[in-house]
>>> print(open('data.cif').read())   # mmCIF, C-alpha atoms
data_run
loop_
_atom_site.label_atom_id
_atom_site.label_comp_id
_atom_site.auth_asym_id
_atom_site.auth_seq_id
_atom_site.Cartn_x
_atom_site.Cartn_y
_atom_site.Cartn_z
CA LYS A 1 -24.45 127.65 46.30
CA ARG A 2 -22.60 129.08 49.26
CA LEU A 3 -22.58 126.84 52.33
CA THR A 4 -23.28 128.32 55.72
CA PHE A 5 -22.98 126.86 59.17
CA PRO A 6 -26.28 125.63 60.51
CA SER A 7 -28.03 127.95 62.93
CA ILE A 8 -27.76 127.05 66.59
CA ILE A 9 -30.98 127.43 68.52
CA MET A 10 -30.39 128.26 72.17
CA VAL A 11 -33.07 126.91 74.49
CA ALA A 12 -33.22 128.39 77.95
CA VAL A 13 -33.50 125.74 80.62
CA ASP A 14 -35.78 126.57 83.54
CA GLU A 15 -33.92 125.21 86.55
CA CYS A 16 -36.97 125.71 88.73
CA LEU A 17 -39.19 123.52 86.59
CA ALA A 18 -40.10 120.18 88.16
CA ILE A 19 -42.54 117.36 87.50
CA ASN A 20 -44.78 115.93 90.20
CA GLY A 21 -46.00 112.36 90.58
CA GLU A 22 -48.87 112.93 88.18
CA GLY A 23 -46.56 114.11 85.42
CA ILE A 24 -47.61 117.75 85.79
CA GLU A 25 -45.00 120.47 85.48
CA TYR A 26 -44.74 123.12 88.17
CA ARG A 27 -42.20 125.69 89.31
CA GLU A 28 -40.72 125.20 92.77
CA PHE A 29 -41.21 128.36 94.82
CA SER A 30 -37.95 128.18 96.77
CA CYS A 31 -35.99 127.93 93.53
CA MET A 32 -37.60 131.06 92.11
CA TYR A 33 -36.34 133.09 95.06
CA PRO A 34 -32.68 132.16 95.64
CA GLN A 35 -32.49 134.36 98.73
CA LEU A 36 -35.06 132.11 100.42
CA GLU A 37 -33.82 128.74 99.16
CA PRO A 38 -31.24 128.21 101.97
CA PHE A 39 -34.13 128.21 104.45
CA TYR A 40 -35.82 125.23 102.76
CA PHE A 41 -34.95 121.58 103.31
CA ASP A 42 -34.36 119.32 100.34
CA PHE A 43 -37.25 117.06 101.30
CA GLU A 44 -39.56 120.09 101.10
CA LYS A 45 -38.35 121.24 97.70
CA LYS A 46 -38.67 117.76 96.20
CA TYR A 47 -41.83 116.70 97.98
CA ASP A 48 -44.41 114.86 95.90
CA PRO A 49 -47.79 115.03 97.66
CA PHE A 50 -49.65 112.78 95.29
CA PRO A 51 -49.15 109.34 96.85
CA VAL A 52 -50.91 110.69 99.94
CA HIS A 53 -53.38 112.63 97.79
CA HIS A 54 -54.32 109.46 95.89
CA PHE A 55 -54.77 107.56 99.17
CA MET A 56 -57.09 110.29 100.47
CA ARG A 57 -59.06 110.38 97.24
CA ASN A 58 -59.54 106.60 97.33
CA HIS A 59 -60.63 106.53 100.99
CA PRO A 60 -63.43 109.10 101.31
CA MET A 61 -64.89 107.43 104.41
CA ILE A 62 -61.93 108.34 106.61
CA PRO A 63 -63.17 111.87 107.50
CA ILE A 64 -66.75 110.62 107.87
CA VAL A 65 -65.71 107.94 110.35
CA ALA A 66 -63.48 110.44 112.16
CA VAL A 67 -66.25 112.97 112.78
CA ILE A 68 -68.68 110.22 113.84
CA LEU A 69 -66.18 108.93 116.42
CA TYR A 70 -65.56 112.53 117.45
CA GLY A 71 -69.26 113.03 118.11
CA VAL A 72 -69.50 109.76 120.04
CA PHE A 73 -66.54 110.80 122.19
CA ILE A 74 -68.20 114.12 123.03
CA ILE A 75 -71.44 112.43 124.12
CA LEU A 76 -69.81 109.64 126.12
CA GLY A 77 -67.10 111.92 127.53
CA LYS A 78 -69.59 114.42 128.90
CA GLN A 79 -71.63 111.58 130.41
CA TYR A 80 -68.55 110.04 132.00
CA PHE A 81 -67.50 113.27 133.70
CA TYR A 82 -71.03 114.29 134.70
CA ASN A 83 -70.63 113.01 138.26
CA ARG A 84 -66.85 112.81 138.35
CA PRO A 85 -64.23 115.46 139.16
CA ALA A 86 -62.39 117.14 136.32
CA TRP A 87 -58.90 116.01 135.45
CA ASN A 88 -55.99 118.40 135.66
CA TRP A 89 -54.07 118.11 132.40
CA ARG A 90 -53.30 121.80 132.04
CA SER A 91 -49.58 121.30 131.52
CA ALA A 92 -50.25 118.87 128.69
CA MET A 93 -52.83 121.27 127.24
CA ALA A 94 -50.36 124.17 127.36
CA LEU A 95 -47.71 122.15 125.53
CA TRP A 96 -50.32 121.00 123.02
CA ASN A 97 -51.30 124.60 122.28
CA LEU A 98 -47.64 125.58 121.95
CA SER A 99 -46.96 122.79 119.46
CA LEU A 100 -49.96 123.78 117.33
CA SER A 101 -48.89 127.42 117.42
CA ILE A 102 -45.36 126.60 116.27
CA PHE A 103 -46.69 124.30 113.56
CA SER A 104 -49.04 127.02 112.33
CA TRP A 105 -46.32 129.69 112.27
CA VAL A 106 -44.13 127.44 110.14
CA GLY A 107 -47.02 126.55 107.87
CA MET A 108 -47.89 130.21 107.41
CA ALA A 109 -44.26 131.03 106.63
CA ARG A 110 -44.27 128.36 103.91
CA THR A 111 -47.63 129.10 102.29
CA LEU A 112 -48.03 132.88 102.59
CA PRO A 113 -45.02 133.67 100.32
CA GLN A 114 -46.43 131.28 97.70
CA LEU A 115 -49.79 133.05 97.85
CA VAL A 116 -48.17 136.48 97.55
CA HIS A 117 -46.17 135.24 94.57
CA ASN A 118 -49.31 133.92 92.91
CA LEU A 119 -51.23 137.13 93.50
CA THR A 120 -48.45 139.25 92.01
CA SER A 121 -47.57 137.02 89.06
CA LEU A 122 -50.84 135.37 88.02
CA SER A 123 -54.10 136.81 86.82
CA VAL A 124 -57.23 136.81 88.96
CA ARG A 125 -58.61 134.04 86.79
CA ASP A 126 -55.51 131.88 87.24
CA ASN A 127 -55.54 132.42 91.01
CA LEU A 128 -59.15 131.25 91.18
CA CYS A 129 -59.32 128.70 88.38
CA GLU A 130 -55.86 127.31 87.52
CA ASP A 131 -54.97 123.75 88.47
CA PRO A 132 -53.60 123.96 92.05
CA ARG A 133 -51.19 121.13 91.27
CA ILE A 134 -49.40 123.73 89.17
CA THR A 135 -49.86 126.88 91.24
CA TYR A 136 -49.27 125.71 94.82
CA GLY A 137 -50.04 122.03 95.34
CA SER A 138 -46.62 120.55 94.57
CA GLY A 139 -43.14 120.86 96.05
CA SER A 140 -42.55 122.83 99.25
CA SER A 141 -45.87 124.66 99.31
CA GLY A 142 -47.64 121.42 98.41
CA LEU A 143 -46.13 119.73 101.46
CA TRP A 144 -47.43 122.37 103.85
CA VAL A 145 -50.84 122.50 102.22
CA GLN A 146 -51.10 118.75 102.68
CA LEU A 147 -49.92 118.96 106.29
CA PHE A 148 -52.56 121.62 106.87
CA ILE A 149 -55.31 119.29 105.65
CA LEU A 150 -54.08 116.39 107.76
CA SER A 151 -53.69 118.62 110.83
CA LYS A 152 -57.48 118.89 111.08
CA PHE A 153 -57.48 115.41 112.62
CA PRO A 154 -55.14 116.05 115.58
CA GLU A 155 -56.86 119.40 116.14
CA LEU A 156 -59.86 117.41 117.35
CA VAL A 157 -57.81 116.83 120.51
CA ASP A 158 -58.74 120.40 121.49
CA THR A 159 -62.15 119.05 122.46
CA PHE A 160 -60.61 116.30 124.59
CA PHE A 161 -59.10 118.93 126.88
CA ILE A 162 -62.41 120.77 127.15
CA VAL A 163 -64.27 117.59 128.09
CA ILE A 164 -61.78 116.30 130.68
CA HIS A 165 -61.60 119.73 132.32
CA LYS A 166 -65.42 119.94 132.35
CA LYS A 167 -65.43 123.29 130.59
CA PRO A 168 -68.47 124.48 128.60
CA LEU A 169 -68.49 122.90 125.14
CA ILE A 170 -70.27 125.39 122.92
CA PHE A 171 -71.94 124.56 119.61
CA LEU A 172 -69.53 126.71 117.60
CA HIS A 173 -66.52 124.72 118.84
CA TRP A 174 -67.53 121.23 117.76
CA TYR A 175 -69.40 122.46 114.67
CA HIS A 176 -66.27 124.28 113.53
CA HIS A 177 -64.03 121.23 114.00
CA ILE A 178 -66.41 118.92 112.12
CA THR A 179 -67.18 121.19 109.19
CA VAL A 180 -63.62 122.41 108.67
CA LEU A 181 -62.27 118.86 108.65
CA LEU A 182 -64.86 117.73 106.08
CA TYR A 183 -64.46 120.87 103.97
CA CYS A 184 -60.66 120.68 103.90
CA TRP A 185 -60.61 116.99 102.97
CA HIS A 186 -63.16 117.48 100.19
CA SER A 187 -61.47 120.60 98.81
CA TYR A 188 -58.10 118.89 98.78
CA VAL A 189 -59.10 115.65 97.07
CA THR A 190 -61.10 117.61 94.45
CA THR A 191 -58.13 120.00 93.88
CA SER A 192 -59.95 123.24 94.64
CA PRO A 193 -58.00 126.05 92.90
CA PRO A 194 -58.47 128.82 95.54
CA GLY A 195 -57.73 126.50 98.45
CA ILE A 196 -54.48 128.26 99.34
CA PHE A 197 -56.43 131.35 100.43
CA PHE A 198 -58.15 129.33 103.14
CA VAL A 199 -54.91 127.56 104.08
CA VAL A 200 -53.01 130.80 104.65
CA MET A 201 -55.89 132.41 106.51
CA ASN A 202 -56.34 129.43 108.83
CA TYR A 203 -52.62 128.99 109.45
CA SER A 204 -52.34 132.68 110.33
CA VAL A 205 -55.28 132.65 112.75
CA HIS A 206 -54.17 129.44 114.46
CA ALA A 207 -50.58 130.63 114.82
CA THR A 208 -51.79 133.53 116.96
CA MET A 209 -54.74 131.81 118.60
CA TYR A 210 -52.89 128.76 119.92
CA GLY A 211 -50.01 130.95 121.02
CA TYR A 212 -52.48 133.03 123.00
CA TYR A 213 -53.98 129.91 124.54
CA PHE A 214 -50.50 128.77 125.59
CA PHE A 215 -49.57 132.04 127.28
CA ASN A 216 -52.98 132.53 128.86
CA GLY A 217 -53.98 130.84 132.09
CA HIS A 218 -51.35 128.23 132.91
CA GLU A 219 -48.30 128.05 135.12
CA VAL A 220 -46.16 126.76 132.24
CA ALA A 221 -46.67 130.09 130.51
CA SER A 222 -45.63 132.05 133.57
CA GLN A 223 -42.46 129.99 133.88
CA VAL A 224 -41.56 130.73 130.25
CA VAL A 225 -42.28 134.44 130.56
#
>>> encode(input="data.cif", output="C-alpha coordinates")
Amino acid sequence: KRLTFPSIIMVAVDECLAINGEGIEYREFSCMYPQLEPFYFDFEKKYDPFPVHHFMRNHPMIPIVAVILYGVFIILGKQYFYNRPAWNWRSAMALWNLSLSIFSWVGMARTLPQLVHNLTSLSVRDNLCEDPRITYGSGSSGLWVQLFILSKFPELVDTFFIVIHKKPLIFLHWYHHITVLLYCWHSYVTTSPPGIFFVVMNYSVHATMYGYYFFNGHEVASQVV
(Lines of atoms letter the chains of each structure in order from A and count residues from 1; the text may use other names and numbers.)
(Lines give C-alpha, C1' and ligand atoms only; values in the text may rest on other atoms or scores of the structure.)
Protein backbone atom coordinates (compact mmCIF):
# COMPACT_ATOMS: atom_id res chain seq x y z
CA LYS A 1 0.00 0.00 0.00
CA ARG A 2 1.34 3.37 -1.00
CA LEU A 3 2.18 5.67 1.90
CA THR A 4 1.11 9.28 1.80
CA PHE A 5 1.96 12.18 4.03
CA PRO A 6 -0.71 12.86 6.60
CA SER A 7 -3.07 15.69 5.79
CA ILE A 8 -2.43 18.95 7.60
CA ILE A 9 -5.55 20.67 8.86
CA MET A 10 -5.18 24.43 9.00
CA VAL A 11 -7.21 26.06 11.77
CA ALA A 12 -7.75 29.78 11.50
CA VAL A 13 -7.07 31.55 14.76
CA ASP A 14 -9.43 34.40 15.61
CA GLU A 15 -7.15 37.02 17.13
CA CYS A 16 -10.14 39.02 18.31
CA LEU A 17 -11.56 36.18 20.36
CA ALA A 18 -11.28 36.66 24.12
CA ILE A 19 -12.66 35.03 27.25
CA ASN A 20 -14.23 37.04 30.06
CA GLY A 21 -14.19 36.29 33.77
CA GLU A 22 -17.14 33.95 33.48
CA GLY A 23 -15.42 31.82 30.86
CA ILE A 24 -17.61 33.13 28.04
CA GLU A 25 -16.06 33.81 24.65
CA TYR A 26 -16.63 37.15 22.98
CA ARG A 27 -15.05 39.17 20.18
CA GLU A 28 -13.41 42.45 21.16
CA PHE A 29 -14.88 45.28 19.08
CA SER A 30 -11.69 47.33 18.77
CA CYS A 31 -9.83 44.32 17.40
CA MET A 32 -12.43 43.73 14.69
CA TYR A 33 -11.85 47.22 13.33
CA PRO A 34 -8.07 47.79 13.15
CA GLN A 35 -8.55 51.39 12.02
CA LEU A 36 -10.18 52.16 15.38
CA GLU A 37 -7.93 50.10 17.63
CA PRO A 38 -5.25 52.82 18.11
CA PHE A 39 -7.91 54.97 19.77
CA TYR A 40 -8.56 52.37 22.49
CA PHE A 41 -6.52 51.92 25.66
CA ASP A 42 -5.28 48.48 26.63
CA PHE A 43 -7.24 48.53 29.87
CA GLU A 44 -10.43 49.04 27.84
CA LYS A 45 -9.75 46.21 25.42
CA LYS A 46 -8.93 43.76 28.20
CA TYR A 47 -11.52 44.91 30.70
CA ASP A 48 -13.39 42.20 32.58
CA PRO A 49 -16.59 43.68 34.03
CA PHE A 50 -17.66 40.63 35.96
CA PRO A 51 -16.01 41.17 39.36
CA VAL A 52 -18.04 44.38 39.62
CA HIS A 53 -21.07 42.70 38.05
CA HIS A 54 -20.95 39.91 40.63
CA PHE A 55 -20.67 42.46 43.45
CA MET A 56 -23.73 44.30 42.14
CA ARG A 57 -25.69 41.09 41.74
CA ASN A 58 -24.89 40.06 45.33
CA HIS A 59 -25.81 43.45 46.82
CA PRO A 60 -29.29 44.28 45.50
CA MET A 61 -30.04 46.65 48.39
CA ILE A 62 -27.50 49.25 47.26
CA PRO A 63 -29.81 51.01 44.75
CA ILE A 64 -32.77 50.73 47.15
CA VAL A 65 -30.84 52.41 49.95
CA ALA A 66 -29.52 55.02 47.52
CA VAL A 67 -32.96 56.14 46.32
CA ILE A 68 -34.31 56.18 49.89
CA LEU A 69 -31.46 58.46 51.00
CA TYR A 70 -32.05 60.53 47.86
CA GLY A 71 -35.69 61.01 48.81
CA VAL A 72 -34.78 61.91 52.39
CA PHE A 73 -32.28 64.48 51.14
CA ILE A 74 -34.93 66.10 48.93
CA ILE A 75 -37.40 66.42 51.82
CA LEU A 76 -34.88 67.65 54.39
CA GLY A 77 -33.05 69.86 51.88
CA LYS A 78 -36.20 71.69 50.84
CA GLN A 79 -37.15 72.17 54.50
CA TYR A 80 -33.69 73.48 55.36
CA PHE A 81 -33.73 76.11 52.62
CA TYR A 82 -37.37 77.09 53.13
CA ASN A 83 -36.49 80.15 55.21
CA ARG A 84 -32.85 80.47 54.18
CA PRO A 85 -31.24 82.20 51.20
CA ALA A 86 -30.13 80.10 48.26
CA TRP A 87 -26.49 79.21 47.89
CA ASN A 88 -24.52 80.32 44.86
CA TRP A 89 -22.69 77.27 43.54
CA ARG A 90 -23.20 78.03 39.86
CA SER A 91 -19.54 77.68 38.96
CA ALA A 92 -19.43 74.23 40.52
CA MET A 93 -22.70 73.34 38.78
CA ALA A 94 -21.33 74.47 35.40
CA LEU A 95 -18.21 72.34 35.82
CA TRP A 96 -20.35 69.42 36.96
CA ASN A 97 -22.48 69.67 33.83
CA LEU A 98 -19.37 69.91 31.66
CA SER A 99 -17.86 66.79 33.22
CA LEU A 100 -21.07 64.80 32.67
CA SER A 101 -21.26 66.01 29.07
CA ILE A 102 -17.68 64.95 28.33
CA PHE A 103 -18.24 61.60 30.03
CA SER A 104 -21.39 61.03 27.99
CA TRP A 105 -19.71 61.94 24.69
CA VAL A 106 -16.95 59.42 25.37
CA GLY A 107 -19.44 56.79 26.44
CA MET A 108 -21.49 57.32 23.30
CA ALA A 109 -18.35 57.09 21.15
CA ARG A 110 -17.54 53.73 22.75
CA THR A 111 -20.99 52.13 22.70
CA LEU A 112 -22.61 53.47 19.51
CA PRO A 113 -20.10 51.76 17.17
CA GLN A 114 -20.69 48.46 19.00
CA LEU A 115 -24.45 48.86 18.54
CA VAL A 116 -24.06 49.68 14.84
CA HIS A 117 -21.83 46.62 14.43
CA ASN A 118 -24.40 44.42 16.15
CA LEU A 119 -27.26 45.76 14.05
CA THR A 120 -25.38 45.15 10.81
CA SER A 121 -23.88 41.76 11.66
CA LEU A 122 -26.44 40.05 13.90
CA SER A 123 -30.02 39.07 13.30
CA VAL A 124 -32.92 40.88 14.94
CA ARG A 125 -33.36 37.91 17.24
CA ASP A 126 -29.71 37.96 18.31
CA ASN A 127 -29.83 41.71 18.95
CA LEU A 128 -32.84 41.26 21.22
CA CYS A 129 -32.22 37.84 22.74
CA GLU A 130 -28.52 36.88 22.62
CA ASP A 131 -26.48 36.85 25.82
CA PRO A 132 -25.17 40.43 26.24
CA ARG A 133 -21.98 39.06 27.77
CA ILE A 134 -21.20 37.94 24.23
CA THR A 135 -22.63 40.78 22.16
CA TYR A 136 -21.60 43.91 24.08
CA GLY A 137 -21.09 43.29 27.79
CA SER A 138 -17.39 42.40 27.79
CA GLY A 139 -14.18 44.16 26.81
CA SER A 140 -14.19 47.83 25.80
CA SER A 141 -17.93 48.15 25.24
CA GLY A 142 -18.55 46.23 28.46
CA LEU A 143 -16.50 48.78 30.39
CA TRP A 144 -18.53 51.72 29.14
CA VAL A 145 -21.83 49.94 29.65
CA GLN A 146 -20.83 49.28 33.24
CA LEU A 147 -19.70 52.88 33.74
CA PHE A 148 -23.05 54.00 32.37
CA ILE A 149 -24.91 51.96 34.99
CA LEU A 150 -22.73 53.24 37.83
CA SER A 151 -23.03 56.84 36.60
CA LYS A 152 -26.68 56.87 37.66
CA PHE A 153 -25.50 57.34 41.24
CA PRO A 154 -23.43 60.53 40.78
CA GLU A 155 -26.15 61.89 38.48
CA LEU A 156 -28.29 62.25 41.61
CA VAL A 157 -26.08 65.26 42.39
CA ASP A 158 -28.13 67.15 39.78
CA THR A 159 -30.87 67.42 42.38
CA PHE A 160 -28.45 68.80 44.97
CA PHE A 161 -27.85 71.85 42.80
CA ILE A 162 -31.57 72.38 42.30
CA VAL A 163 -32.25 72.23 46.03
CA ILE A 164 -29.41 74.52 47.15
CA HIS A 165 -30.34 77.09 44.49
CA LYS A 166 -34.01 76.88 45.55
CA LYS A 167 -35.18 76.16 42.02
CA PRO A 168 -38.48 74.36 41.35
CA LEU A 169 -38.06 70.60 41.75
CA ILE A 170 -40.62 69.06 39.44
CA PHE A 171 -42.00 65.54 39.75
CA LEU A 172 -40.48 64.41 36.44
CA HIS A 173 -36.96 65.26 37.63
CA TRP A 174 -36.78 63.15 40.77
CA TYR A 175 -39.03 60.41 39.36
CA HIS A 176 -36.70 60.08 36.38
CA HIS A 177 -33.57 59.82 38.53
CA ILE A 178 -35.09 57.19 40.82
CA THR A 179 -36.64 54.98 38.17
CA VAL A 180 -33.70 55.10 35.77
CA LEU A 181 -31.25 54.17 38.52
CA LEU A 182 -33.38 51.20 39.61
CA TYR A 183 -34.10 50.11 36.04
CA CYS A 184 -30.45 50.28 34.96
CA TRP A 185 -29.21 48.34 37.99
CA HIS A 186 -31.84 45.63 37.55
CA SER A 187 -31.32 45.33 33.79
CA TYR A 188 -27.56 45.07 34.23
CA VAL A 189 -27.48 42.43 36.97
CA THR A 190 -30.08 40.34 35.07
CA THR A 191 -28.09 40.70 31.80
CA SER A 192 -30.85 42.21 29.70
CA PRO A 193 -29.99 41.51 26.03
CA PRO A 194 -31.28 44.79 24.47
CA GLY A 195 -29.75 46.96 27.17
CA ILE A 196 -27.25 48.55 24.80
CA PHE A 197 -30.08 50.33 22.98
CA PHE A 198 -30.97 52.22 26.14
CA VAL A 199 -27.31 52.85 26.97
CA VAL A 200 -26.57 54.46 23.61
CA MET A 201 -29.78 56.49 23.64
CA ASN A 202 -29.16 57.82 27.15
CA TYR A 203 -25.49 58.57 26.52
CA SER A 204 -26.43 60.48 23.37
CA VAL A 205 -29.14 62.55 25.07
CA HIS A 206 -26.98 63.36 28.09
CA ALA A 207 -23.98 64.32 25.97
CA THR A 208 -26.02 67.10 24.39
CA MET A 209 -28.20 67.95 27.37
CA TYR A 210 -25.42 68.48 29.91
CA GLY A 211 -23.40 70.38 27.33
CA TYR A 212 -26.37 72.67 26.84
CA TYR A 213 -26.71 73.14 30.58
CA PHE A 214 -23.02 74.08 30.79
CA PHE A 215 -23.19 76.70 28.05
CA ASN A 216 -26.53 78.09 29.17
CA GLY A 217 -26.84 80.62 31.96
CA HIS A 218 -23.47 80.86 33.71
CA GLU A 219 -20.48 83.14 33.54
CA VAL A 220 -18.11 80.18 33.15
CA ALA A 221 -19.74 79.45 29.81
CA SER A 222 -19.34 83.01 28.61
CA GLN A 223 -15.65 82.96 29.54
CA VAL A 224 -15.13 79.77 27.51
CA VAL A 225 -17.03 81.07 24.50
>>> resolve_selection(input="data.cif", expression="the PyMOL selection byres ((chain A and resi 158-162) around 12)", output="number ranges by chain")
A: 70-78, 81, 86-97, 100, 151-157, 163-178, 210, 213
>>> atom_distance(input="data.cif", atom1="atom CA of Leu98 of chain A", atom2="atom CA of Leu143 of chain A")
21.4 Å
>>> resolve_selection(input="data.cif", expression="the PyMOL selection byres ((chain A and resi 54) around 12)", output="PyMOL selection string")
chain A and resi 21-22+48-53+55-60+146+188-191
>>> atom_distance(input="data.cif", atom1="atom CA of Phe197 of chain A", atom2="atom CA of Pro38 of chain A")
25.4 Å
>>> closest_residue(input="data.cif", among="A:Gln79, A:Ser187, A:Ser204, A:Thr111", to="Phe29 of chain A", atoms="all atoms listed in the file")
A:Thr111
>>> build_atoms(input="data.cif", residues="segment 142-171 of chain A", atoms="N, CA and C atoms", output="CSV table (one decimal), keeping the file's coordinate frame")
chain,number,residue,atom,x,y,z
A,142,GLY,N,-46.7,122.6,98.4
A,142,GLY,CA,-47.6,121.4,98.4
A,142,GLY,C,-47.5,120.6,99.7
A,143,LEU,N,-46.3,120.5,100.2
A,143,LEU,CA,-46.1,119.7,101.5
A,143,LEU,C,-46.9,120.4,102.6
A,144,TRP,N,-46.8,121.7,102.7
A,144,TRP,CA,-47.4,122.4,103.8
A,144,TRP,C,-48.9,122.6,103.7
A,145,VAL,N,-49.4,122.5,102.4
A,145,VAL,CA,-50.8,122.5,102.2
A,145,VAL,C,-51.4,121.1,102.6
A,146,GLN,N,-50.7,120.1,102.3
A,146,GLN,CA,-51.1,118.8,102.7
A,146,GLN,C,-51.1,118.6,104.2
A,147,LEU,N,-50.0,119.0,104.8
A,147,LEU,CA,-49.9,119.0,106.3
A,147,LEU,C,-51.1,119.7,107.0
A,148,PHE,N,-51.4,120.8,106.4
A,148,PHE,CA,-52.6,121.6,106.9
A,148,PHE,C,-53.8,120.8,106.9
A,149,ILE,N,-54.1,120.1,105.8
A,149,ILE,CA,-55.3,119.3,105.6
A,149,ILE,C,-55.3,118.2,106.7
A,150,LEU,N,-54.2,117.5,106.8
A,150,LEU,CA,-54.1,116.4,107.8
A,150,LEU,C,-54.1,116.9,109.2
A,151,SER,N,-53.7,118.1,109.5
A,151,SER,CA,-53.7,118.6,110.8
A,151,SER,C,-55.1,118.8,111.4
A,152,LYS,N,-56.1,118.7,110.6
A,152,LYS,CA,-57.5,118.9,111.1
A,152,LYS,C,-57.9,117.7,111.9
A,153,PHE,N,-57.2,116.6,111.8
A,153,PHE,CA,-57.5,115.4,112.6
A,153,PHE,C,-56.9,115.6,114.0
A,154,PRO,N,-55.6,115.8,114.2
A,154,PRO,CA,-55.1,116.0,115.6
A,154,PRO,C,-55.7,117.3,116.3
A,155,GLU,N,-56.2,118.2,115.5
A,155,GLU,CA,-56.9,119.4,116.1
A,155,GLU,C,-58.1,119.0,116.9
A,156,LEU,N,-58.7,117.9,116.6
A,156,LEU,CA,-59.9,117.4,117.4
A,156,LEU,C,-59.5,117.2,118.8
A,157,VAL,N,-58.2,117.0,119.1
A,157,VAL,CA,-57.8,116.8,120.5
A,157,VAL,C,-58.1,118.1,121.4
A,158,ASP,N,-58.3,119.2,120.7
A,158,ASP,CA,-58.7,120.4,121.5
A,158,ASP,C,-60.0,120.1,122.4
A,159,THR,N,-60.9,119.4,121.8
A,159,THR,CA,-62.2,119.0,122.5
A,159,THR,C,-61.9,118.1,123.6
A,160,PHE,N,-60.9,117.2,123.5
A,160,PHE,CA,-60.6,116.3,124.6
A,160,PHE,C,-60.3,117.1,125.9
A,161,PHE,N,-59.5,118.1,125.7
A,161,PHE,CA,-59.1,118.9,126.9
A,161,PHE,C,-60.3,119.7,127.5
A,162,ILE,N,-61.2,120.1,126.6
A,162,ILE,CA,-62.4,120.8,127.2
A,162,ILE,C,-63.3,119.8,128.0
A,163,VAL,N,-63.4,118.6,127.4
A,163,VAL,CA,-64.3,117.6,128.1
A,163,VAL,C,-63.7,117.2,129.4
A,164,ILE,N,-62.4,116.8,129.4
A,164,ILE,CA,-61.8,116.3,130.7
A,164,ILE,C,-61.7,117.4,131.8
A,165,HIS,N,-61.6,118.6,131.3
A,165,HIS,CA,-61.6,119.7,132.3
A,165,HIS,C,-63.0,120.2,132.7
A,166,LYS,N,-64.0,119.6,132.1
A,166,LYS,CA,-65.4,119.9,132.4
A,166,LYS,C,-65.7,121.4,132.1
A,167,LYS,N,-65.2,121.9,131.0
A,167,LYS,CA,-65.4,123.3,130.6
A,167,LYS,C,-66.6,123.3,129.6
A,168,PRO,N,-67.3,124.4,129.5
A,168,PRO,CA,-68.5,124.5,128.6
A,168,PRO,C,-68.0,124.2,127.2
A,169,LEU,N,-68.8,123.3,126.5
A,169,LEU,CA,-68.5,122.9,125.1
A,169,LEU,C,-69.6,123.5,124.3
A,170,ILE,N,-69.2,124.7,123.7
A,170,ILE,CA,-70.3,125.4,122.9
A,170,ILE,C,-70.4,124.8,121.5
A,171,PHE,N,-71.6,125.1,120.9
A,171,PHE,CA,-71.9,124.6,119.6
A,171,PHE,C,-70.9,125.0,118.6
